[in-house]
Each structure stands twice: as structure tokens, then as C-alpha cells.
Amino acid sequence: MILTIAGKELRTLFASPLAWVVLTVMQLIVGYAFLRRLDDFLQLQPQLAQMASPPGITDLVAGPIFGTAAAVLLFAVPVLSMRLIAEERRNQTMVLLMSAPVSMTEIVLGKFVGLTAFLAGIVALTTLMPLALAGSARLDYGLLAALVVGLLLLAAAFAAVSLFVSCLTVHPVVAAIGAFAALLGMVLAGEAAGDGLRARGWTVAASLTQVFSPIKSFEPFGKGLLDTYAIACLVLLTTLALALAIRQLDAQRLRS
Amino acid sequence: MHTTSTERPQPVATMPEPEAASTISARGLTRTFGNHIAVNDVTLELRRGEVLGFLGPNGAGKTTTMHMLTGNLAPSRGEIRICGIDLLEQPSAAKARIGYLPEVPPLYRELTVDEYLQLAAKLHRVPRARRADAVATAKQRCGLSDTGGKLIGTLSKGYQQRVGIAQAIVHSPDVVVLDEPTVGLDPNQIRDIRGLIRELGGAHSVILSTHILPEVEAVCDRVQIMHHGELVYGDTIAALKQFERGTTVLVGLRRPPPVTELAALPGVAAADAIESMLFRIQFAAGADPIDALVKTAAARDWGLYQLKPAQTTLEDVFVHLTRREE
């Protein structure tokens with residue numbers, strides 16, 4: 001049932017121009033970043049050759065473009081997720097799902113899986129760019145794999161948070177802006193709160209704030225690390241947001 | 001698929017209570033929004049193969065009630081059983097037996113009719129093997145056989161409404177709940193949809209909400225009227241039509257006598273003037289004073305020009321019940 005709903009989300013997403021616009025913009029931005037980085041790398045190459053252990057092409061090209069992709073997702077995911085719940089409620093199509101023998105959990109997870117699958121496509125397209133160099137350069141596949149895992153987890157966390165915000169309103173645009181504000185707020189406030197707490201010596205509290213600072217959790221992946229704490233933070237944030245979304249929808253049935 | 005026999009199926013013997021014969025049974029349904037009581041203590045019973053007309057002025061709480069019956073809204077109090085299954089305790093099992101067409105059909109405009117009905121069938125857990133069949137049957141019943149490949153967004157309002165109904169019956173539910181299914185349709189489409197609803201009443205039971213009274217008289221077996229969140233009337237259409245039929249006549253007289261003279265005629269219980277020349281005459285129980293009335297009118301030269309049995313229409317009942325307090 002979750003896959004049915006996920007499939008429906010993907011189908012309706014690709015039937016609208018939105019998906020294609022997002023993919024196009026994403027490709028343009030990431031593609032531009034990729035070419036810029038590649039250019040820089042080629043210019044730096046003589047200097048790199050003189051270094052004892054120079055950073056590889058994966059470090060200098062793939063790392064930054066995954067960072068760019070993460071930044072673009074920060075904008076793209078709220079726009080994609082506004083359709084999930086807010087627009088369905090506005091168009092009154094949510095009734096189809098609510099009247100069907102499907103639980104709230106299945107609805108929320110179905111929508112989450114659908115959106116994440118689409119985002120996985122974006123991650124795949126991003127990965128193809130550095131992979132295109134495979135014939136002419138030695139790539140660090142371990143680092144690349146870490147980046148892919150990191151970006152996928154980050155995208156899932158973004159999707160879950162935006163999905164929750166989408167449950168809070170029936171206005172798609174408000175949902176998009178709200179989700180963007182929530183994500184950006186988490187990136188900025190999470191960072192600041194973490195630094196502030198750490199400055200006072202409250203290290204445990206500081207590391208807990210990382211749960212709400214998904215970009216911070218993404219950083220270790222850029223160094224090729226599969227940091228279990230970072231993974232746990234991203235998974236925890238995703239789970240928390242999904243649980244809140246389910247609760248919110250259930251509450252609306254009781255209250256509305 | 002269900003058997004499409006038009007006979008009312010017998011209650012299944014293994015069902016614990018006799019009420020399993022009813023497809024919907026709601027007791028003491030109450031829903032409040034803050035301090036506002038939208039639906040107050042509504043008790044509803046729908047038997048198998050029956051078409052129930054659900055009437056009421058705008059804002060009477062019809063849609064809220066239907067939302068509760070279909071599990072879209074949780075009631076503040078009361079219980080709902082669908083074919084004996086508690087909707088609140090086993091929502092999935094109960095919802096599998098309901099098909100719902102809300103006031104605004106829940107259509108994905110960017111899907112084709114086939115894609116959409118496939119989705120509805122999947123969501124309602126129609127097994128894969130029967131899905132194509134179920135979609136084809138629903139399309140055929142709703143007159144959509146030629147529109148399968150079209151995008152829903154490009155269809156006319158009437159066809160969209162049909163897709164909405166097809167969505168509600170694709171899994172062959174025991175109960176079909178239709179919220180104002182003929183709103184915005186042209187007269188021919190209304191006729192088609194009404195025919196379809198009558199047909200549905202054979203195999204499924206149907207709740208039909210509307211404020212078009214002739215529609216209820218045309219397709220429903222039973223009617224319930226809601227007003228200010230409460231049920232104010234519930235009876236069969238047949239009983240409604242029987243009610244007072246042949247016991248009241250409208251009499252038009254060009255040169256009428258005083259009303260008291262009419263009321264004094266043998267067998268007349270009451271007479272009152274509707275207009276200066278039009279009277280409503282109510283018969284005493286068991287009496288049939290029409291012959292006497294006509295003879296007297298001729299003999300006394302009252303100028304009888306009209307004599308018509310006054311049938312109580314649903315409209316009379318409706319207006320009477322929902323306008324009381326004004």
C-alpha cells in the first residue's frame with residue numbers, strides 16, 4: 001500500500017511540469033558547479049603535482065558539487081513537498097486516500113517514499129557527473145559512495161521535515177515557504193546553538209543539537225567518513241518528522 | 001464482484017447480531033467543532049439494497065455526517081458500524097466496504113481515467129487479478145468505456161462526476177455514499193446519474209445526500225431530513241406519498257360560499273381558504289365526501305372549476321420541518 005501511494009506520487013509528480021522544472025534547474029546549477037570545479041582542478045593541477053599527498057579529483061570536484069546539490073535541495077524539497085499533503089487537501093483529493101482502507105501511517109510513509117525516490121533520482125544525476133570522469137581520472141569510489149549515502153540521508157531528512165510542514169496547512173505556497181523556513185532555520189539555528197553550547201562547555205547538549213542541524217551531519221560524509229553519529233542524527237530527524245506528520249494528520253481527523 | 005441480483009441478500013447466518021443486515025448503523029453520532037455542534041445525536045440505519053435520501057438545507061450537517069460515516073472525520077461521540085464492523089476500532093476493514101463520492105470529487109486531474117481508477121482499485125485493495133475487471137465494470141456502469149485514455153482534467157464536469165462515482169464503486173463496496181452527485185450536471189446527465197444510482201441500489205446500498213427534492217422522490221426508498229445537525233424526519237418515500245393522499249383535496253370555486261359552509265358539509269373535517277377561490281378540504285376519517293361535494297357545488301352554483309387531490313410532497317414536509325422556527 002505504501003508503494004501504491006509512492007507510485008501515485010511519482011506518477012502525478014512527473015505528470016506536472018514541476019518535476020521537470022526542478023530537475024532542469026538542478027542539472028543546470030549542479031552542472032555549472034561541476035564544470036567550474038573541474039576547470040579549477042585543471043588549473044591547480046601543476047601545483048597539486050608538487051604536493052606530498054595532494055587531494056584527489058574526487059575531493060576537489062565531487063565533494064563541492066555534492067555540497068551544491070545539498071544547497072539546491074534545501075530550496076527544491078519544500079517546493080516538491082508542498083504538493084504532498086497541503087495541495088491534496090486544498091484540491092480535496094485527500095479524501096480518496098482517507099476513505100480508502102489505508103492507515104495514516106501508510107499515507108505518510110507512501111508520500112515520503114515517493115518523494116525520496118524522486119530525490120534519489122536527483123542524487124543519481126548528481127553522481128553521474130563525477131562518474132563521467134571515470135575514464136580519464138582515478139576516482140576515489142569510497143569517498144563518492146560516502147557522498148551518495150550522505151546526500152540521500154540528507155534528502156530524506158529534508159523530505160520528512162517538509163512533509164510535516166505540508167501537513168500543517170492547506171495552502172501549498174505557505175507549506176513551501178514554511179518548509180523552507182524550517183529547513184533554513186534548522187541549518188542556521190542548529191549550527192549557532194551547537195557552537196554556543198560548546199563554547200559553554202556543554203558538549204553533550206551541543207552534540208544533541210546536531211539532530212536538528214542536518215547540514216552539519218552531512219559534513220563528515222564530505223570527508224569520506226561514514227560517521228555513525230551523523231547517520232543516527234539524520235535518521236532520527238527523519239523518523240521524528242514522519243512521526244509528527246502522522247500524528248498531525250490523525251489529530252486533524254479528530255479536530256479539524 | 002458481488003452477485004448483482006436485485007433481490008435483497010439475506011443476512012449472513014454467522015453474523016452475531018441481526019443488525020448485520022444493515023450495512024450502516026450509526027448510533028448517537030455527535031460532532032462538535034469548538035462550541036458549535038455540527039451534528040447532534042444522529043442515529044442512522046441503512047439496510048442492504050436500500051437507497052436512502054439524506055436531505056437538509058445547506059449547513060444542516062449532511063456533509064459532516066457523511067464525513068464521519070466514511071471515516072474522514074472522527075465523531076465526538078457515538079458509534080458507527082459498517083456491516084457490523086466498528087469503523088473506529090477497525091477502520092481498515094470497515095472502510096474497505098464503503099465507497100465515497102464527496103461533494104468535490106477527489107480527482108487527480110493529471111491522471112487518465114484508467115490510471116485513476118486503477119489507483120482507486122489498488123487503494124481499496126482489489127486483488128491484482130481482478131483489478132482490470134473491476135475497472136472495466138465500473139467504467140461500463142458509469143458510461144466511461146470510451147474515455148479510459150483521456151486525462152481527467154480535460155473531461156467535462158459531467159464526466160468528471162461519473163469518474164467520481166466510478167471511483168466509489170470500483171471495489172464493489174457494500175455501501176456507496178454519494179454527496180450531492182448531480183450538482184452542476186445538465187438534465188440529461190442528471191437522468192443518467194439517477195438511473196445509475198437506482199441501479200446501484202440493487203447490489204449495494206446507497207446514501208445519497210442532496211437538496212434536490214424530486215431527486216429523492218425519484219430514486220430513494222427512504223428519506224431522512226436533517227436540520228441544524230439533528231434528524232427531524234425519517235420515513236419511506238412510499239409512506240410519505242401515502243401520507244394524506246386521498247384525504248385532502250384542493251377545490252377551486254368561482255363563487256365560493258363562506259369557508260364555514262364548506263367545513264360544515266358532511267364528511268368534511270376541516271376546510272381552509274388558500275386563496276380567495278381555492279380551498280383545501282380535509283376529509284373526516286374514513287369518509288369520502290367528493291360526490292357530495294360536487295353535487296352540492298353544482299346545486300348551489302358555486303362555480304366548481306378545479307378538484308385536485310392534494311398530495312403531500314416531500315417539499316411540503318421539508319419546508320414544514322426546516323422552517324418551523326421562523
# chains A, B, ... in the order shown; residues from 1 in each chain; ligands from 1
$ closest_atom_pairs --of "chain A" --to "chain B" --cutoff "6 Å" --atoms "only C-alpha atoms" --output "tab-separated table"
residue	atom	partner	partner_atom	distance
A:Ala15	CA	B:Glu110	CA	6.0
A:Gln92	CA	B:Pro106	CA	5.8
A:Thr93	CA	B:Pro106	CA	3.9
A:Leu96	CA	B:Pro106	CA	5.8
A:Met98	CA	B:Asn72	CA	5.7
A:Ser99	CA	B:Thr70	CA	5.9
A:Ala100	CA	B:His124	CA	5.5
A:Pro101	CA	B:Ser92	CA	4.2
A:Arg253	CA	B:Leu73	CA	4.8
A:Leu254	CA	B:Ala74	CA	5.0
$ residues_around --residues "Ala297 in chain B" --least-positions-apart "2" --cutoff "12 Å" --atoms "only C-alpha atoms" --output "MDAnalysis selection string"
chainID B and resid 251:257 261:262 265 289:295 299:307
$ write_last_selection --atoms "N, CA and C atoms" --output "tab-separated table (two decimals), in the first residue's frame"
chain	number	residue	atom	x	y	z
B	251	VAL	N	-59.95	22.45	-3.84
B	251	VAL	CA	-61.19	22.74	-4.55
B	251	VAL	C	-61.16	24.19	-5.00
B	252	GLY	N	-61.37	24.40	-6.30
B	252	GLY	CA	-61.43	25.76	-6.82
B	252	GLY	C	-62.88	26.13	-7.12
B	253	LEU	N	-63.36	27.21	-6.53
B	253	LEU	CA	-64.75	27.63	-6.72
B	253	LEU	C	-64.77	29.08	-7.18
B	254	ARG	N	-65.53	29.35	-8.27
B	254	ARG	CA	-65.57	30.72	-8.78
B	254	ARG	C	-66.42	31.62	-7.89
B	255	ARG	N	-67.51	31.04	-7.37
B	255	ARG	CA	-68.39	31.84	-6.50
B	255	ARG	C	-68.49	31.12	-5.17
B	256	PRO	N	-67.42	31.17	-4.38
B	256	PRO	CA	-67.37	30.34	-3.18
B	256	PRO	C	-68.31	30.82	-2.08
B	257	PRO	N	-68.83	29.90	-1.33
B	257	PRO	CA	-69.58	30.23	-0.12
B	257	PRO	C	-68.58	30.54	1.00
B	261	GLU	N	-69.23	27.19	5.61
B	261	GLU	CA	-70.24	26.38	4.93
B	261	GLU	C	-69.60	25.12	4.35
B	262	LEU	N	-68.38	25.29	3.80
B	262	LEU	CA	-67.66	24.13	3.26
B	262	LEU	C	-67.30	23.17	4.38
B	265	LEU	N	-70.01	20.73	5.54
B	265	LEU	CA	-70.50	19.64	4.68
B	265	LEU	C	-70.26	18.29	5.36
B	289	PRO	N	-66.24	12.44	0.89
B	289	PRO	CA	-67.35	13.35	0.55
B	289	PRO	C	-67.24	13.98	-0.83
B	290	ILE	N	-66.41	13.38	-1.73
B	290	ILE	CA	-66.22	14.06	-3.01
B	290	ILE	C	-67.51	14.15	-3.82
B	291	ASP	N	-68.26	13.03	-3.90
B	291	ASP	CA	-69.52	13.04	-4.64
B	291	ASP	C	-70.45	14.12	-4.11
B	292	ALA	N	-70.59	14.10	-2.80
B	292	ALA	CA	-71.48	15.07	-2.16
B	292	ALA	C	-71.03	16.49	-2.43
B	293	LEU	N	-69.71	16.67	-2.38
B	293	LEU	CA	-69.15	18.00	-2.59
B	293	LEU	C	-69.48	18.51	-3.99
B	294	VAL	N	-69.28	17.61	-4.99
B	294	VAL	CA	-69.54	18.01	-6.38
B	294	VAL	C	-71.01	18.33	-6.57
B	295	LYS	N	-71.88	17.46	-6.04
B	295	LYS	CA	-73.33	17.68	-6.20
B	295	LYS	C	-73.76	19.00	-5.56
B	299	ALA	N	-75.46	22.16	-7.32
B	299	ALA	CA	-76.79	22.58	-6.90
B	299	ALA	C	-76.78	24.03	-6.43
B	300	ARG	N	-75.74	24.43	-5.73
B	300	ARG	CA	-75.74	25.79	-5.16
B	300	ARG	C	-75.01	26.78	-6.07
B	301	ASP	N	-74.60	26.28	-7.26
B	301	ASP	CA	-73.96	27.15	-8.25
B	301	ASP	C	-72.72	27.86	-7.70
B	302	TRP	N	-71.78	27.06	-7.13
B	302	TRP	CA	-70.55	27.65	-6.60
B	302	TRP	C	-69.51	27.86	-7.71
B	303	GLY	N	-69.79	27.33	-8.89
B	303	GLY	CA	-68.83	27.50	-9.99
B	303	GLY	C	-67.57	26.68	-9.81
B	304	LEU	N	-67.75	25.38	-9.61
B	304	LEU	CA	-66.61	24.49	-9.40
B	304	LEU	C	-65.74	24.43	-10.66
B	305	TYR	N	-64.47	24.80	-10.57
B	305	TYR	CA	-63.61	24.73	-11.76
B	305	TYR	C	-62.39	23.86	-11.53
B	306	GLN	N	-62.14	23.46	-10.32
B	306	GLN	CA	-60.96	22.64	-10.07
B	306	GLN	C	-61.21	21.72	-8.90
B	307	LEU	N	-60.75	20.45	-9.08
B	307	LEU	CA	-60.86	19.50	-7.97
B	307	LEU	C	-59.65	18.59	-8.08
$ select_by_dssp --residues "range 242-302 of chain B" --states "strand (DSSP E)" --output "PyMOL selection string"
chain B and resi 248-253+268-273+278-283
$ closest_atom_pairs --of "range 174-249 of chain A" --to "range 48-61 of chain A" --cutoff "10 Å" --atoms "only C-alpha atoms" --output "Markdown table"
| residue | atom | partner | partner_atom | distance |
| --- | --- | --- | --- | --- |
| A:Gly222 | CA | A:Asp59 | CA | 8.0 |
| A:Lys223 | CA | A:Asp59 | CA | 7.9 |
| A:Gly224 | CA | A:Asp59 | CA | 8.9 |
$ closest_residue --among "A:Leu28, A:Leu23, A:Met104, A:Ala86" --to "Met1 in chain A" --atoms "only C-alpha atoms"
A:Met104
$ select_by_dssp --residues "range 27-253 of chain A" --states "helix (DSSP H, G or I)" --output "PyMOL selection string"
chain A and resi 27-50+57-81+83-90+94-99+104-131+141-166+172-199+203-212+214-222+228-253
$ decode --residues "range 144-161 of chain A" --atoms "N, CA and C atoms" --output "compact mmCIF listing (two decimals), in the first residue's frame"
# COMPACT_ATOMS: atom_id res chain seq x y z
N LEU A 144 33.17 8.81 -2.95
CA LEU A 144 31.96 9.05 -3.75
C LEU A 144 30.76 8.33 -3.13
N ALA A 145 30.98 7.09 -2.68
CA ALA A 145 29.89 6.33 -2.05
C ALA A 145 29.42 7.02 -0.78
N ALA A 146 30.39 7.52 0.01
CA ALA A 146 30.01 8.22 1.24
C ALA A 146 29.18 9.45 0.92
N LEU A 147 29.58 10.18 -0.13
CA LEU A 147 28.83 11.38 -0.52
C LEU A 147 27.41 11.02 -0.94
N VAL A 148 27.28 9.91 -1.70
CA VAL A 148 25.96 9.49 -2.16
C VAL A 148 25.07 9.14 -0.97
N VAL A 149 25.63 8.34 -0.04
CA VAL A 149 24.86 7.96 1.15
C VAL A 149 24.46 9.20 1.94
N GLY A 150 25.43 10.11 2.12
CA GLY A 150 25.16 11.32 2.89
C GLY A 150 24.07 12.16 2.24
N LEU A 151 24.16 12.35 0.93
CA LEU A 151 23.18 13.20 0.26
C LEU A 151 21.80 12.56 0.28
N LEU A 152 21.76 11.23 0.16
CA LEU A 152 20.47 10.53 0.23
C LEU A 152 19.83 10.72 1.61
N LEU A 153 20.64 10.53 2.66
CA LEU A 153 20.09 10.69 4.01
C LEU A 153 19.65 12.12 4.25
N LEU A 154 20.45 13.06 3.74
CA LEU A 154 20.11 14.47 3.90
C LEU A 154 18.80 14.78 3.17
N ALA A 155 18.69 14.26 1.95
CA ALA A 155 17.48 14.50 1.16
C ALA A 155 16.27 13.90 1.87
N ALA A 156 16.43 12.72 2.45
CA ALA A 156 15.32 12.08 3.16
C ALA A 156 14.91 12.92 4.37
N ALA A 157 15.91 13.45 5.08
CA ALA A 157 15.59 14.29 6.24
C ALA A 157 14.86 15.55 5.81
N PHE A 158 15.34 16.19 4.74
CA PHE A 158 14.66 17.37 4.20
C PHE A 158 13.22 17.02 3.83
N ALA A 159 13.07 15.87 3.16
CA ALA A 159 11.74 15.46 2.71
C ALA A 159 10.80 15.25 3.89
N ALA A 160 11.30 14.61 4.94
CA ALA A 160 10.45 14.31 6.09
C ALA A 160 10.02 15.60 6.79
N VAL A 161 10.98 16.51 6.97
CA VAL A 161 10.65 17.78 7.65
C VAL A 161 9.64 18.56 6.80
